[in-house]
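**Q** This one is model_18.cif, mmCIF, C-alpha atoms and all ligand atoms.
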```cif
data_coords
loop_
_atom_site.label_atom_id
_atom_site.label_comp_id
_atom_site.auth_asym_id
_atom_site.auth_seq_id
_atom_site.Cartn_x
_atom_site.Cartn_y
_atom_site.Cartn_z
CA MET A 6 94.57 77.59 128.87
CA THR A 7 92.50 80.36 130.42
CA PRO A 8 88.72 79.78 129.99
CA PHE A 9 87.01 81.75 127.24
CA THR A 10 83.68 81.91 125.45
CA TYR A 11 83.23 81.30 121.75
CA GLU A 12 80.86 82.19 118.94
CA ARG A 13 80.86 81.58 115.22
CA ALA A 14 80.26 84.73 113.15
CA GLU A 15 77.57 84.59 110.49
CA ASP A 16 78.39 87.81 108.63
CA PRO A 17 81.16 90.44 108.74
CA ALA A 18 79.09 93.18 110.39
CA GLN A 19 78.01 90.85 113.21
CA ALA A 20 81.61 89.67 113.66
CA VAL A 21 82.88 93.20 114.04
CA GLN A 22 80.16 94.10 116.54
CA ALA A 23 80.79 90.94 118.54
CA VAL A 24 84.42 91.92 119.11
CA ALA A 25 83.97 95.68 119.37
CA SER A 26 81.32 95.35 122.08
CA ARG A 27 83.53 93.27 124.43
CA ALA A 28 86.85 94.15 126.00
CA GLY A 29 89.13 91.17 125.66
CA ALA A 30 87.33 89.74 122.61
CA ARG A 31 89.39 88.57 119.65
CA PHE A 32 88.87 87.36 116.12
CA VAL A 33 90.12 83.89 115.23
CA GLY A 34 90.52 82.53 111.71
CA GLY A 35 92.74 79.52 111.14
CA GLY A 36 94.01 79.80 114.70
CA THR A 37 97.49 78.55 113.80
CA ASN A 38 99.22 81.23 115.89
CA LEU A 39 96.58 82.44 118.33
CA LEU A 40 95.76 79.01 119.78
CA ASP A 41 99.44 78.30 120.47
CA LEU A 42 99.69 81.62 122.28
CA MET A 43 96.55 80.86 124.28
CA LYS A 44 97.91 77.48 125.39
CA LEU A 45 100.99 79.29 126.69
CA ARG A 46 98.76 81.96 128.31
CA ILE A 47 100.60 84.65 126.41
CA GLU A 48 97.28 85.59 124.83
CA GLN A 49 94.26 85.30 127.13
CA PRO A 50 91.19 86.46 125.21
CA ARG A 51 87.92 86.27 127.13
CA HIS A 52 85.83 85.71 124.01
CA LEU A 53 86.66 84.37 120.54
CA VAL A 54 84.73 85.28 117.40
CA ASP A 55 85.36 82.65 114.75
CA LEU A 56 85.63 84.12 111.24
CA SER A 57 86.41 80.90 109.43
CA ARG A 58 82.88 80.36 108.05
CA LEU A 59 82.41 83.91 106.76
CA PRO A 60 81.99 84.26 102.98
CA LEU A 61 85.48 85.75 102.66
CA ALA A 62 87.30 82.83 101.07
CA ALA A 63 87.14 83.83 97.39
CA ILE A 64 89.79 85.21 95.08
CA ASP A 65 88.17 87.56 92.57
CA GLU A 66 89.33 89.64 89.62
CA THR A 67 89.16 93.40 90.20
CA ALA A 68 87.97 95.90 87.60
CA GLU A 69 91.51 97.31 87.47
CA GLY A 70 93.03 93.97 86.45
CA GLY A 71 94.26 92.89 89.87
CA LEU A 72 92.99 90.38 92.40
CA ARG A 73 90.88 90.70 95.53
CA ILE A 74 91.86 88.05 98.06
CA GLY A 75 89.30 87.33 100.76
CA ALA A 76 90.62 87.47 104.32
CA GLN A 77 89.74 83.81 104.92
CA VAL A 78 91.47 82.44 101.79
CA ARG A 79 93.82 79.74 103.05
CA ASN A 80 97.51 80.22 102.41
CA GLY A 81 97.69 76.94 100.51
CA ASP A 82 94.77 77.87 98.25
CA LEU A 83 96.30 81.27 97.52
CA ALA A 84 99.67 79.76 96.62
CA ALA A 85 98.02 77.27 94.26
CA ASP A 86 95.63 79.68 92.53
CA PRO A 87 96.47 79.64 88.79
CA ARG A 88 96.07 83.43 88.51
CA VAL A 89 98.45 84.00 91.40
CA ARG A 90 100.97 81.54 89.99
CA ALA A 91 100.84 83.12 86.53
CA ARG A 92 100.62 86.83 87.38
CA TYR A 93 102.10 87.09 90.88
CA PRO A 94 104.64 84.25 91.05
CA LEU A 95 106.48 86.19 93.74
CA LEU A 96 103.50 85.75 96.06
CA SER A 97 103.11 82.06 95.32
CA GLN A 98 106.84 81.48 95.93
CA ALA A 99 106.69 83.35 99.25
CA LEU A 100 103.66 81.41 100.46
CA LEU A 101 105.24 78.08 99.60
CA ALA A 102 108.40 79.12 101.44
CA GLY A 103 106.39 79.63 104.63
CA ALA A 104 105.37 77.14 107.33
CA SER A 105 104.36 73.58 106.38
CA GLY A 106 101.74 72.19 104.03
CA GLN A 107 99.45 71.41 106.97
CA ILE A 108 99.69 74.92 108.38
CA ARG A 109 99.26 76.56 104.96
CA ASN A 110 96.04 74.59 104.53
CA LYS A 111 94.66 76.06 107.75
CA ALA A 112 96.20 79.55 108.01
CA SER A 113 94.20 82.45 106.57
CA THR A 114 95.34 85.48 104.62
CA ALA A 115 94.37 87.93 107.38
CA GLY A 116 95.80 85.71 110.10
CA ASN A 117 99.09 85.49 108.26
CA LEU A 118 99.33 89.29 108.24
CA LEU A 119 98.43 89.55 111.92
CA GLN A 120 100.57 86.72 113.29
CA ARG A 121 102.82 87.60 116.21
CA THR A 122 106.59 87.59 116.32
CA ARG A 123 108.48 84.36 117.00
CA CYS A 124 111.04 86.08 119.25
CA ALA A 125 111.89 83.33 121.74
CA TYR A 126 111.56 85.62 124.77
CA PHE A 127 108.04 86.63 123.75
CA TYR A 128 107.08 82.97 124.22
CA ASP A 129 108.80 82.62 127.60
CA PRO A 130 106.67 84.18 130.38
CA HIS A 131 109.62 83.98 132.78
CA MET A 132 111.64 86.48 130.76
CA PRO A 133 111.14 90.26 130.41
CA CYS A 134 109.46 91.27 127.17
CA ASN A 135 108.01 94.70 126.43
CA LYS A 136 105.78 93.27 123.74
CA ARG A 137 104.18 90.70 126.06
CA THR A 138 104.34 92.75 129.27
CA PRO A 139 104.79 96.47 128.53
CA GLY A 140 107.49 98.08 130.65
CA SER A 141 109.14 94.81 131.69
CA GLY A 142 112.22 95.19 129.46
CA CYS A 143 113.60 93.35 126.47
CA ALA A 144 115.51 90.14 127.12
CA ALA A 145 116.56 89.88 123.49
CA MET A 146 118.53 93.11 123.53
CA GLU A 147 121.41 91.55 125.46
CA GLY A 148 120.35 87.95 125.00
CA HIS A 149 119.99 85.43 122.20
CA ASN A 150 119.03 87.69 119.31
CA ARG A 151 120.17 85.76 116.27
CA MET A 152 116.70 85.94 114.67
CA ASN A 153 115.99 89.56 115.61
CA ALA A 154 115.79 92.83 113.71
CA ILE A 155 118.51 94.96 112.15
CA LEU A 156 116.18 97.60 110.68
CA GLY A 157 113.28 99.58 112.14
CA ALA A 158 113.74 98.34 115.71
CA SER A 159 113.76 100.45 118.89
CA ASP A 160 115.37 100.35 122.31
CA ALA A 161 112.16 98.71 123.54
CA CYS A 162 111.92 95.85 121.04
CA ILE A 163 113.97 94.25 118.26
CA ALA A 164 111.48 91.60 117.18
CA VAL A 165 110.87 90.83 113.52
CA HIS A 166 107.60 90.21 111.72
CA PRO A 167 107.71 86.57 110.69
CA SER A 168 105.51 86.47 107.57
CA ASP A 169 106.81 85.57 104.11
CA MET A 170 103.49 86.28 102.41
CA ALA A 171 103.39 89.85 103.71
CA VAL A 172 106.85 90.61 102.33
CA ALA A 173 105.75 89.60 98.84
CA MET A 174 102.51 91.54 99.17
CA VAL A 175 104.37 94.69 100.23
CA ALA A 176 106.58 94.40 97.15
CA LEU A 177 103.38 94.10 95.08
CA ASP A 178 101.85 97.26 96.63
CA ALA A 179 98.94 95.37 98.18
CA GLN A 180 96.17 97.15 100.07
CA VAL A 181 94.23 95.94 103.09
CA HIS A 182 90.43 96.48 103.21
CA THR A 183 88.83 96.53 106.63
CA VAL A 184 85.36 96.60 108.18
CA LEU A 185 84.93 99.16 110.95
CA PRO A 186 82.72 98.79 114.03
CA ARG A 187 81.01 102.12 113.28
CA GLY A 188 80.08 100.88 109.80
CA GLY A 189 81.83 101.14 106.48
CA GLY A 190 85.49 100.38 106.14
CA ARG A 191 88.84 101.76 105.16
CA VAL A 192 91.76 100.94 102.90
CA ILE A 193 95.29 100.77 104.28
CA ALA A 194 98.44 100.31 102.22
CA LEU A 195 99.86 97.03 103.47
CA ARG A 196 103.27 98.60 103.92
CA GLU A 197 101.65 100.89 106.53
CA LEU A 198 99.57 98.24 108.33
CA HIS A 199 102.28 97.24 110.81
CA ARG A 200 103.62 99.86 113.20
CA LEU A 201 107.25 100.20 114.11
CA PRO A 202 107.76 99.35 117.80
CA GLY A 203 108.97 102.69 119.18
CA ALA A 204 108.13 102.78 122.89
CA THR A 205 104.96 100.68 122.45
CA PRO A 206 105.92 97.38 120.81
CA HIS A 207 102.74 95.72 122.11
CA ILE A 208 100.73 97.84 119.63
CA GLU A 209 101.58 96.14 116.37
CA THR A 210 99.17 97.38 113.70
CA GLN A 211 97.05 100.36 112.71
CA LEU A 212 93.85 98.37 113.33
CA GLY A 213 91.51 99.45 116.10
CA HIS A 214 89.70 97.09 118.47
CA GLY A 215 86.98 95.32 116.50
CA GLU A 216 88.30 96.42 113.10
CA MET A 217 88.38 93.36 110.87
CA ILE A 218 90.38 92.68 107.72
CA ALA A 219 87.95 91.68 104.98
CA ALA A 220 90.29 91.40 101.99
CA VAL A 221 93.64 92.22 100.47
CA THR A 222 93.79 93.62 96.96
CA LEU A 223 96.67 93.38 94.54
CA PRO A 224 97.01 95.96 91.77
CA PRO A 225 97.64 94.67 88.24
CA PRO A 226 100.91 92.76 88.11
CA PRO A 227 103.88 95.06 87.57
CA PRO A 228 106.06 94.52 84.49
CA GLY A 229 109.30 92.66 85.00
CA ARG A 230 110.63 89.53 86.57
CA GLN A 231 109.37 88.54 90.02
CA LEU A 232 111.43 86.56 92.49
CA TYR A 233 111.23 85.61 96.18
CA ARG A 234 114.36 84.33 97.84
CA LYS A 235 114.47 83.12 101.45
CA VAL A 236 117.53 82.25 103.50
CA ARG A 237 116.83 80.07 106.53
CA ASP A 238 118.45 77.53 108.78
CA ARG A 239 116.85 74.51 107.09
CA ALA A 240 115.12 73.89 103.79
CA SER A 241 111.54 73.88 105.09
CA TYR A 242 109.41 74.86 108.07
CA ALA A 243 111.76 77.59 109.28
CA PHE A 244 111.38 81.34 109.57
CA ALA A 245 113.54 83.60 107.44
CA LEU A 246 116.91 84.80 108.57
CA VAL A 247 116.62 87.11 105.58
CA SER A 248 114.29 87.17 102.61
CA VAL A 249 114.03 89.32 99.50
CA ALA A 250 110.90 89.97 97.44
CA LEU A 251 111.85 91.52 94.12
CA VAL A 252 110.25 92.83 90.95
CA LEU A 253 112.86 93.89 88.40
CA ASP A 254 111.95 95.55 85.12
CA LEU A 255 114.81 96.00 82.64
CA ARG A 256 114.90 97.85 79.34
CA ASP A 257 117.94 98.14 77.06
CA GLY A 258 120.11 96.70 79.80
CA ARG A 259 119.04 99.33 82.30
CA VAL A 260 116.75 99.21 85.30
CA GLN A 261 113.39 100.64 84.38
CA ALA A 262 111.79 100.00 87.77
CA THR A 263 112.18 97.81 90.83
CA ARG A 264 110.13 96.82 93.84
CA ILE A 265 112.17 95.50 96.74
CA ALA A 266 110.94 94.29 100.13
CA LEU A 267 113.00 92.54 102.78
CA GLY A 268 111.80 89.98 105.32
CA GLY A 269 113.29 88.62 108.53
CA VAL A 270 115.08 91.88 109.24
CA ALA A 271 112.52 94.33 110.64
CA PRO A 272 109.37 94.60 112.77
CA ARG A 273 107.35 94.81 109.59
CA PRO A 274 107.81 93.75 105.97
CA TRP A 275 110.49 96.23 104.98
CA ARG A 276 110.15 98.11 101.72
CA ALA A 277 113.63 99.16 100.58
CA ASP A 278 112.74 102.51 99.03
CA ALA A 279 116.32 103.80 99.06
CA ALA A 280 117.55 100.79 97.11
CA GLU A 281 114.79 101.21 94.54
CA GLN A 282 115.73 104.86 94.06
CA VAL A 283 119.42 104.03 93.69
CA LEU A 284 118.67 101.51 90.97
CA ALA A 285 116.45 103.72 88.79
CA GLY A 286 118.04 104.03 85.33
CA LYS A 287 121.21 102.16 86.33
CA LEU A 288 122.93 99.56 84.18
CA ALA A 289 121.95 96.01 85.11
CA GLU A 290 125.35 95.02 86.45
CA ALA A 291 127.15 94.14 89.68
CA PRO A 292 128.14 97.70 90.75
CA SER A 293 124.47 98.72 90.62
CA TRP A 294 123.47 95.74 92.74
CA ARG A 295 126.17 96.64 95.27
CA ALA A 296 124.95 100.24 95.44
CA ALA A 297 121.38 99.03 95.98
CA ALA A 298 122.42 96.67 98.78
CA ASP A 299 124.43 99.44 100.46
CA ALA A 300 121.40 101.75 100.30
CA ALA A 301 119.02 99.09 101.59
CA LEU A 302 121.20 98.35 104.64
CA ALA A 303 122.48 101.88 105.30
CA GLY A 304 120.60 102.21 108.60
CA ALA A 305 121.04 98.62 109.74
CA ARG A 306 122.17 97.94 113.31
CA GLY A 307 123.04 94.59 114.82
CA HIS A 308 122.82 93.53 118.45
CA GLY A 309 125.64 91.02 118.60
CA GLY A 310 123.99 87.72 117.80
CA ASN A 311 122.33 89.05 114.66
CA ASP A 312 125.22 91.15 113.27
CA PHE A 313 125.63 88.54 110.54
CA LYS A 314 122.26 89.51 109.09
CA ILE A 315 123.62 92.79 107.73
CA PRO A 316 126.09 91.23 105.26
CA LEU A 317 123.70 88.32 104.70
CA ALA A 318 120.87 90.66 103.69
CA ALA A 319 123.18 92.64 101.40
CA HIS A 320 124.46 89.46 99.78
CA THR A 321 120.98 87.99 99.38
CA LEU A 322 119.70 91.17 97.75
CA ARG A 323 122.66 91.29 95.32
CA GLN A 324 122.19 87.63 94.45
CA THR A 325 118.46 88.04 93.93
CA LEU A 326 119.02 91.04 91.64
CA THR A 327 121.61 89.08 89.68
CA ALA A 328 119.32 86.08 89.29
CA ALA A 329 116.36 88.21 88.25
CA ALA A 330 118.46 90.16 85.72
CA MET A 331 119.74 86.96 84.13
CA ALA A 332 116.22 85.61 83.76
CA ALA A 333 114.44 88.88 82.92
CA PRO A 334 112.82 89.16 79.51
CA LYS A 335 114.88 91.55 77.35
CA ARG A 336 112.80 94.58 76.32
CA ALA A 337 113.81 97.25 73.83
FE1 LIG B 1 109.98 91.00 123.66
FE2 LIG B 1 110.49 92.39 121.47
FE3 LIG B 1 112.38 92.10 123.26
FE4 LIG B 1 111.60 89.97 121.86
S1 LIG B 1 112.60 91.76 121.05
S2 LIG B 1 111.99 90.08 124.08
S3 LIG B 1 109.43 90.45 121.55
S4 LIG B 1 110.44 93.17 123.58
#
```
Just give me the structure of the file as structure tokens.
Ligand code: SF4

**A**
Amino acid sequence: MTPFTYERAEDPAQAVQAVASRAGARFVGGGTNLLDLMKLRIEQPRHLVDLSRLPLAAIDETAEGGLRIGAQVRNGDLAADPRVRARYPLLSQALLAGASGQIRNKASTAGNLLQRTRCAYFYDPHMPCNKRTPGSGCAAMEGHNRMNAILGASDACIAVHPSDMAVAMVALDAQVHTVLPRGGGRVIALRELHRLPGATPHIETQLGHGEMIAAVTLPPPPPGRQLYRKVRDRASYAFALVSVALVLDLRDGRVQATRIALGGVAPRPWRADAAEQVLAGKLAEAPSWRAAADAALAGARGHGGNDFKIPLAAHTLRQTLTAAAMAAPKRA
């Protein structure tokens, strides 16, 4: 590990200044991803600012009827919160589908959003990787790319964002609240937080240097049945091959509204807008689910080893829609 200095932040404004004032400084929360990357010398921060003791670990009701989730709320605590389980079961299901119990008890909400890809070549300093070393190439493009992206990728990078939690939050229209080094803060729709790779896959989010996530807010729970379904190589402690976060609202046997986000398929949690539009007003039946899956995967492109993800994602979306429709409360 490359030597670094360390300080524990006492309040958000001081934390932001401590990073913004030093090139090579980084925030650390739970450290469940960053410390692994530091041991491999893939990340080599010169200074760490520890956010874990900041007063950002509460889950509060908002005036609008939603929830405000502090950036340092642990993934395990968020999954177990009775309000999350009752009103946002999709989020609780996604969190419990991610990582292991030990990691969930350490990993923070903000850290989960900002975790790096698990593309195998990103973790191998002997292989070219535009995300790790800009301009070096992409070993995954012609290599072992079974876990890589089929949507939103570029010729420079086909890595996927690995979070389950973020996929559920995107389906729930979550917003990210930040603290800026110049003072004040801003609000970013979570679906816009992560950048598509384009020619600069090493720039992964909209956040500037020293900008800190303080909280994530969820709007009031949308009507309808919520479901998170994850397909992976083993039953626990595995990243998604494909996942679907779904909110399905039916009335008189027709689709009133849907929210669909896909995980494991793109460089960011992938909101399937086209599928949602296709489903509006449609009968809740198999042909509608097929049309939605076709729309969701219309622009998908495989790279050999991950071609299977295209039919797998379509099948998983159809199955999730079917399951949600069968369990959805009937409204007239
Ligand atoms: Fe690196 Fe992205 Fe290519 Fe993986 S897909 S090797 S992260 S550039």

**Q** Name all residues at most 9 Å from Pro272 (chain A) (count only C-alpha atoms; drop same-chain ones fewer than 6 positions away) and give them as a PyMOL selection string.

**A** chain A and resi 122+153-154+156-158+162-167+199-202+209

**Q** Here is a test: counting all atoms listed in the file, which residue of A:Arg58, A:Arg92, A:Arg306, A:Arg51 is nearest to Pro224 (chain A)?

**A**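 Using all atoms listed in the file, Pro224 (chain A) sits closest to A:Arg92.
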
**Q** Could the residues of chain A that have an atom at most 12 Å from ligand LIG 1 (chain B) be listed as a Markdown table, each with its closest atom pair and the distance in Å to one decimal, counting only C-alpha atoms and all ligand atoms and ordered by chain and ascending residue number?

**A**
```
| residue | atom | partner | partner_atom | distance |
| --- | --- | --- | --- | --- |
| A:Ile47 | CA | B:LIG1 | S3 | 11.6 |
| A:Arg121 | CA | B:LIG1 | S3 | 9.0 |
| A:Thr122 | CA | B:LIG1 | S3 | 6.6 |
| A:Arg123 | CA | B:LIG1 | S3 | 7.7 |
| A:Cys124 | CA | B:LIG1 | FE4 | 4.7 |
| A:Ala125 | CA | B:LIG1 | FE4 | 6.6 |
| A:Tyr126 | CA | B:LIG1 | S2 | 4.5 |
| A:Phe127 | CA | B:LIG1 | S3 | 4.6 |
| A:Tyr128 | CA | B:LIG1 | S3 | 8.3 |
| A:Asp129 | CA | B:LIG1 | S2 | 8.8 |
| A:Pro130 | CA | B:LIG1 | FE1 | 10.1 |
| A:His131 | CA | B:LIG1 | S2 | 10.9 |
| A:Met132 | CA | B:LIG1 | S2 | 7.6 |
| A:Pro133 | CA | B:LIG1 | S2 | 6.4 |
| A:Cys134 | CA | B:LIG1 | FE1 | 3.6 |
| A:Asn135 | CA | B:LIG1 | S4 | 4.0 |
| A:Lys136 | CA | B:LIG1 | S4 | 4.7 |
| A:Arg137 | CA | B:LIG1 | FE1 | 6.3 |
| A:Thr138 | CA | B:LIG1 | FE1 | 8.1 |
| A:Pro139 | CA | B:LIG1 | S4 | 8.2 |
| A:Gly140 | CA | B:LIG1 | S4 | 9.1 |
| A:Ser141 | CA | B:LIG1 | S4 | 8.4 |
| A:Gly142 | CA | B:LIG1 | S4 | 6.5 |
| A:Cys143 | CA | B:LIG1 | FE3 | 3.7 |
| A:Ala144 | CA | B:LIG1 | S2 | 4.7 |
| A:Ala145 | CA | B:LIG1 | S2 | 4.6 |
| A:Met146 | CA | B:LIG1 | FE3 | 6.2 |
| A:Glu147 | CA | B:LIG1 | FE3 | 9.3 |
| A:Gly148 | CA | B:LIG1 | S2 | 8.7 |
| A:His149 | CA | B:LIG1 | S2 | 9.4 |
| A:Asn150 | CA | B:LIG1 | S1 | 7.8 |
| A:Arg151 | CA | B:LIG1 | S1 | 10.8 |
| A:Met152 | CA | B:LIG1 | S1 | 9.6 |
| A:Asn153 | CA | B:LIG1 | S1 | 6.8 |
| A:Ala154 | CA | B:LIG1 | S1 | 8.1 |
| A:Ile155 | CA | B:LIG1 | S1 | 11.2 |
| A:Gly157 | CA | B:LIG1 | S1 | 11.9 |
| A:Ala158 | CA | B:LIG1 | S1 | 8.6 |
| A:Ser159 | CA | B:LIG1 | S1 | 9.0 |
| A:Asp160 | CA | B:LIG1 | S4 | 8.8 |
| A:Ala161 | CA | B:LIG1 | S4 | 5.8 |
| A:Cys162 | CA | B:LIG1 | FE2 | 3.8 |
| A:Ile163 | CA | B:LIG1 | S1 | 4.0 |
| A:Ala164 | CA | B:LIG1 | S1 | 4.0 |
| A:Val165 | CA | B:LIG1 | S1 | 7.8 |
| A:His166 | CA | B:LIG1 | S3 | 10.0 |
| A:Pro167 | CA | B:LIG1 | S3 | 11.7 |
| A:Leu201 | CA | B:LIG1 | FE2 | 11.2 |
| A:Pro202 | CA | B:LIG1 | FE2 | 8.3 |
| A:Gly203 | CA | B:LIG1 | S4 | 10.6 |
| A:Ala204 | CA | B:LIG1 | S4 | 9.9 |
| A:Thr205 | CA | B:LIG1 | S4 | 9.4 |
| A:Pro206 | CA | B:LIG1 | S4 | 6.8 |
| A:His207 | CA | B:LIG1 | S4 | 8.2 |
| A:Ile208 | CA | B:LIG1 | FE2 | 11.3 |
| A:Glu209 | CA | B:LIG1 | FE2 | 10.9 |
| A:Ala271 | CA | B:LIG1 | S1 | 10.7 |
| A:Pro272 | CA | B:LIG1 | FE2 | 9.0 |
| A:His308 | CA | B:LIG1 | S1 | 10.7 |
| A:Asn311 | CA | B:LIG1 | S1 | 12.0 |
```

**Q** Measuring atom to atom with only C-alpha atoms, identify which of A:Val33, A:Val21, A:Met43, A:Leu177 is nearest to Gly213 (chain A).

**A**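 Closest to Gly213 (chain A) of all the choices is A:Val21.
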
**Q** Please determine, counting all atoms listed in the file, which residue among A:Lys314, A:Ala319, A:Val283, A:Arg256 has the shortest atom-to-atom distance to Ala298 (chain A).

**A** A:Ala319

**Q** Could you name the residues that touch Ala300 (chain A) at 10 Å or less, counting all atoms listed in the file, but leaving out those on the same chain fewer than 6 positions away, as a PyMOL selection string?

**A** chain A and resi 277-284+294+319

**Q** Could you write out that same residue set with C-alpha atoms as a JSON list (two decimals), in the coordinates of the input?

**A**
```json
[["chain", "number", "residue", "atom", "x", "y", "z"],
["A", 277, "ALA", "CA", 113.63, 99.16, 100.58],
["A", 278, "ASP", "CA", 112.74, 102.51, 99.03],
["A", 279, "ALA", "CA", 116.32, 103.80, 99.06],
["A", 280, "ALA", "CA", 117.55, 100.79, 97.11],
["A", 281, "GLU", "CA", 114.79, 101.21, 94.54],
["A", 282, "GLN", "CA", 115.73, 104.86, 94.06],
["A", 283, "VAL", "CA", 119.42, 104.03, 93.69],
["A", 284, "LEU", "CA", 118.67, 101.51, 90.97],
["A", 294, "TRP", "CA", 123.47, 95.74, 92.74],
["A", 319, "ALA", "CA", 123.18, 92.64, 101.40]]
```

**Q** Can you find the residues with an atom no farther than 12 Å from (96.7, 82.6, 127.0), counting all atoms listed in the file, and report them as a VMD selection string?

**A** chain A and resid 6 to 9 29 31 38 to 52 128 130 137

**Q** Work out how far CA of Val236 (chain A) is from CA of Thr321 (chain A), in Å to one decimal.

**A**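 Value for the CA of Thr321 (chain A)-CA of Val236 (chain A) distance: 7.9 Å.
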
**Q** When you draw a straight line from CA of Met217 (chain A) to CA of Arg13 (chain A), how long is it in Å?

**A** 14.6 Å

**Q** Which residue gives the smallest distance to Ser97 (chain A) among A:Ser168, A:Gly189, A:Gln19, A:Tyr233, with all atoms listed in the file counted?

**A**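 Distance minimum relative to Ser97 (chain A) lands on A:Tyr233.
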
**Q** What is the CA of Pro17 (chain A)-CA of Leu223 (chain A) distance in Å, reported with one decimal?

**A** 21.2 Å

**Q** Between A:Ser113, A:Gln120, A:Thr222, A:Gln98, which is the closest to Lys235 (chain A) once you count only C-alpha atoms?

**A**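 Selected residue with least distance to Lys235 (chain A): A:Gln98.
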
**Q** Can you tell me, as number ranges by chain, which residues sit within 12 Å of (105.8, 73.9, 96.8) in the file's frame, using all atoms listed in the file?

**A** A: 80-82, 84-85, 90, 94, 97-106, 109, 240-242

**Q** Of the candidates A:Ala303, A:Ala112, A:Val247, A:Ala285, which one gets nearest to Thr325 (chain A) if we count all atoms listed in the file?

**A**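 Using all atoms listed in the file, Thr325 (chain A) sits closest to A:Val247.
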
**Q** Pick out the residues sitting within 6 Å of Leu288 (chain A), and hand them over as an NGL selection string; count all atoms listed in the file, and ignore anything fewer than 2 positions along from it in its own chain.

**A** :A and (258-259 or 290)

**Q** Which residues are near Ser248 (chain A)? Cut-off 10 Å, all atoms listed in the file, ignore same chain within fewer than 6 positions. Put them as a list in words.

**A**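 Near Ser248 (chain A), the qualifying residues are Ala99, Asp169, Val172, Ala173, Tyr233, Arg234, Lys235, Val236, Arg237, Ala266, Leu267, Gly268, Gly269, Val270, Pro274, Leu317, Ala318, Thr321, Leu322 and Thr325 of chain A.
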
**Q** Considering all atoms listed in the file, return as a VMD selection string whatever protein or nucleic-acid residues lie within 9 Å of Ala76 (chain A), sequence-local ones (same chain, fewer than 6 positions apart) excluded.

**A** chain A and resid 34 61 to 63 113 to 116 218 to 221
